[in-house]
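Enquirer: Have a look at this one before I ask anything.
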Amino acid sequence: MGAPGNKIAVHDVAAGDAETVASVRSQREATPLYVSRIKVHPARIAGTFRRIKWAILALCLTVYYVAPWLRWDRGPNAPHQALLIDLPGRRAYFFWLEIWPQEIYYLTGLLILAAIGLFLVTSLLGRVWCGYACPQTVWTDLFMQVERLIEGDRNARIRLDRAPPSLSKLAKRAAKHSAWLVIAAATGGAWVLYFQDAPTALGRIFSGQAAVGTYFFIGLFTATTYTLAGWAREQVCTYMCPWPRFQSAMLDDESLIVTYEAWRGEPRGKLKGGTKDEKLGDCIDCMKCVAVCPTGIDIRDGQQLECIGCGLCIDACNTVMPMIGRPNNLIAFDTLANQAAEAAGGKAVYRPIRSRTIIYAAVLLLVAGIMVAGLATRSQIGVDVLHERSPLFVLLSGGNIRNGYTVRILNKSHVTKSFDLRIDGLDDYAVTAVGADQTGDKTHPLVLETPPDGVETFRIYVTTSGAALARNKEKKMEGQMQETPIAFGVADHGAGESVSHGSFFIAPALASEEH
Ligand code: SF4
Ligand code: SF4
């Protein structure tokens with residue numbers, strides 16, 4: 001993989017200093033296209049940000065593993081799993097919400113909300129998503145903790161890596177990879193439970209009765225979790241994830257990010273004889289901030305693409321500062337504006353409300369408002385009408401004309417429903433359904449029954465006279481035929497809800513003149 005950590009940015013040489021330009025060029029030319037990964041051995045650290053990370057990790061893992069087991073009573077004929085993506089039934093259930101395939105735009109809306117929410121959070125708090133809640137971070141943190149428990153902290157792990165093969169090394173490695181695989185399998189196993197009834201699926205999985213596809217996806221997610229969290233780790237954030245590449249567009253000088261207070265840390269220098277040289281800055285170059293960093297970078301080099309904003313270097317440095325009698329937060333969550341102000345002896349006030357956050361918040365509210373309004377007014381029924389192509393019409397012996405239609409009525413409720421079918425646009429008609437023993441007309445609707453949570457298809461005949469067609473003012477001629485706009489109105493017997501679908505009635509050109 002290429003080396004992303006080229007710390008010399010183009011703007012550093014924009015002043016045109018020929019010597020600097022030559023130096024940068026030679027360094028870039030010296031950087032090979034491929035460099036092997038330098039393994040990172042993050043050290044254990046305690047502190048405020050570590051505790052926050054543990055709390056968020058516990059919350060995320062609990063939500064992920066427990067969510068498929070939450071039940072939600074939707075009444076008869078409906079699954080009782082609170083979160084379920086029912087692919088065979090082509091339905092998604094989110095607690096009280098049931099999303100049908102034709103409502104997939106709600107999921108699109110959710111993705112847009114998540115993206116804009118991430119923009120807003122990034123512009124306010126920097127890469128907190130990356131450092132705390134991204135699944136890659138959460139599972140990598142979990143895998144690292146398992147590694148620490150089995151192989152020891154940073155120095156012990158470095159020693160183990162360098163140690164020649166031995167039974168003890170083999171045993172530790174086997175224990176670590178086995179533990180990783182168990183977690184990875186549990187992760188893959190939990191994932192498939194979002195797509196099936198969890199208790200039933202778990203029983204089938206362990207008894208060997210689950211579908212081949214279920215085992216395939218468990219295997220796939222086990223492999224990806226094990227590889228990404230166990231082996232790839234920070235390389236996912238550095239090389240594979242697109243987010244670090246464009247998140248800089250959401251940041252400005254007033255976003256909270258992890259910063260090093262170079263103005264008070266430099267010039268750095270080690271303690272001499274256990275005491276600090278007062279002529280030096282506060283940084284004693286102990287490298288503790290580097291040792292705890294999960295991506296292996298030195299925050300004192302400035303903002304870097306690899307920094308996920310986890311804040312562990314802050315915890316590390318805050319264990320050092322009290323020991324040398326210096327104030328905490330030499331590394332801190334701060335804004336670049338405040339850093340510049342403090343370097344000049346002033347202080348900048350953090351401004352969460354600024355033009356970019358106002359725009360993100362406004363778009364977020366707008367999209368959320370549209371979605372809430374859409375959900376609040378969504379219909380529990382739907383109707384779809386298709387005019388028969390052949391024949392387009394039938395001229396009956398008595399002179400009336402008949403058209404055939406395929407009508408599909410959607411019943412999103414969990415009970416069988418009866419719907420009244422009426423034809424708008426004709427003041428005199430008869431409507432029948434193939435297989436039904438009743439006929440509807442202008443005063444008596446045709447009653448059609450549909451099963452719960454499903455779509456019922458009906459073959460419908462509408463019969464009318466040329467005189468009734470003539471009275472429709474919106475009819476128009478199409479060659480030798482006359483097209484009259486009509487609408488199929490479907491009303492829910494009980495709930496009073498109704499929907500309609502436009503169509504047309506086709507008749508021979510002279511039909512309306514004959515009666
Ligand atoms: S530099 Fe600090 S905040 Fe950035 S990834 Fe490393 S430890 Fe986390
Ligand atoms: S932990 Fe603090 S004192 Fe030590 S090297 Fe990092 S910034 Fe300097």
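Residues in the structure tokens are numbered from 1 in each chain, the chains being A, B, ... in the order shown, and ligands are numbered from 1 in the order shown.
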Ligand 2: which residues are within 8 Å, counting only C-alpha atoms and all ligand atoms, as a PyMOL selection string?
Expert: chain A and resi 260+265+268+282-290+298-300+313-314+316-321+330-331
Enquirer: Give the residues close to ligand 1, within 6 Å, counting only C-alpha atoms and all ligand atoms; write them as a PyMOL selection string.
Expert: chain A and resi 258+293-295+297-299+307-313
Enquirer: Restricting the calculation to only C-alpha atoms: of A:Glu474, A:Glu483, A:Asp277, A:Glu266, which residue gets closest to Ala343 of chain A?
Expert: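 Answer, going by the shortest atom-to-atom distance: A:Glu266.
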Enquirer: Dump as a Markdown table the rows for residues of segment 94-212 of chain A within 9 Å of segment 365-385 of chain A: closest atom pair and distance in Å with one decimal, only C-alpha atoms counted, ordered by chain and rising residue number.
Expert:
```
| residue | atom | partner | partner_atom | distance |
| --- | --- | --- | --- | --- |
| A:Leu97 | CA | A:Leu375 | CA | 8.6 |
| A:Tyr106 | CA | A:Met371 | CA | 7.0 |
| A:Gly109 | CA | A:Met371 | CA | 6.9 |
| A:Leu110 | CA | A:Met371 | CA | 8.5 |
| A:Ile112 | CA | A:Val367 | CA | 7.8 |
| A:Leu113 | CA | A:Val367 | CA | 6.8 |
```
Enquirer: With only C-alpha atoms as the counted atoms, please give the residues lying no more than 12 Å from segment 115-128 of chain A, apart from itself and same-chain residues fewer than 5 positions off, as a PyMOL selection string.
Expert: chain A and resi 49+52-53+56+108-110+133-134+137+237+243-259+303-311+333-336+350-368
Enquirer: Using the chain letters and numbers from this document, which residues of segment 31-240 of chain A does DSSP assign to strand (DSSP E), as a list in words?
Expert: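 So, restricting segment 31-240 of chain A to strand (DSSP E), we get Leu83, Leu84, Ile85, Asp86, Arg91, Ala92, Tyr93, Phe94, Leu97, Glu98 and Ile99 of chain A.
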Enquirer: Here is a test: counting only C-alpha atoms, which residue of A:Ala58, A:Leu469, A:Val349, A:Val415 is nearest to Thr450 of chain A?
Expert: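 Among the listed residues, the smallest separation from Thr450 of chain A belongs to A:Val415.
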Enquirer: Figure out the distance between atom CA of Ala43 of chain A and atom CA of Pro327 of chain A, please, to one decimal in Å.
Expert: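 Result for atom CA of Pro327 of chain A versus atom CA of Ala43 of chain A: 23.0 Å, one decimal.
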